[in-house]
Amino acid sequence: LGLNERQIEALRLMVNEGRELSNKEYGEMFGVATRIASRELVQLVETGMLQQVGRGRSTRYRAA
């Protein structure tokens, strides 16, 4: 599916531990800019693996 290690680890946390992540949390967890975090999370939404909850600054992502 072309996922990177960050995306795989975030997906694992969401599925196994039932976590939700924001762009900011993802970026802090993996040491990347929020722009990169947003792009990678949106890619996971587009593949159907994640679900976007909310909009704007309150957007969170969880396993679909």
# chains A, B, ... in the order shown; residues from 1 in each chain; ligands from 1
$ residues_around --residues "Tyr61 in chain A" --least-positions-apart "4" --cutoff "8 Å" --atoms "only C-alpha atoms" --output "list of chain:residue names"
A:Glu20, A:Leu21, A:Ser22, A:Leu41, A:Leu50, A:Gln51, A:Gln52, A:Val53
$ select_by_dssp --residues "chain A" --states "strand (DSSP E or B)" --output "MDAnalysis selection string"
chainID A and resid 21 50:53 60:63
$ residues_around --residues "Arg19 in chain A" --least-positions-apart "3" --cutoff "10 Å" --atoms "only C-alpha atoms" --output "NGL selection string"
:A and (10-16 or 61-63)
$ atom_distance --atom1 "CA of Phe30 in chain A" --atom2 "CA of Ile8 in chain A"
11.7 Å
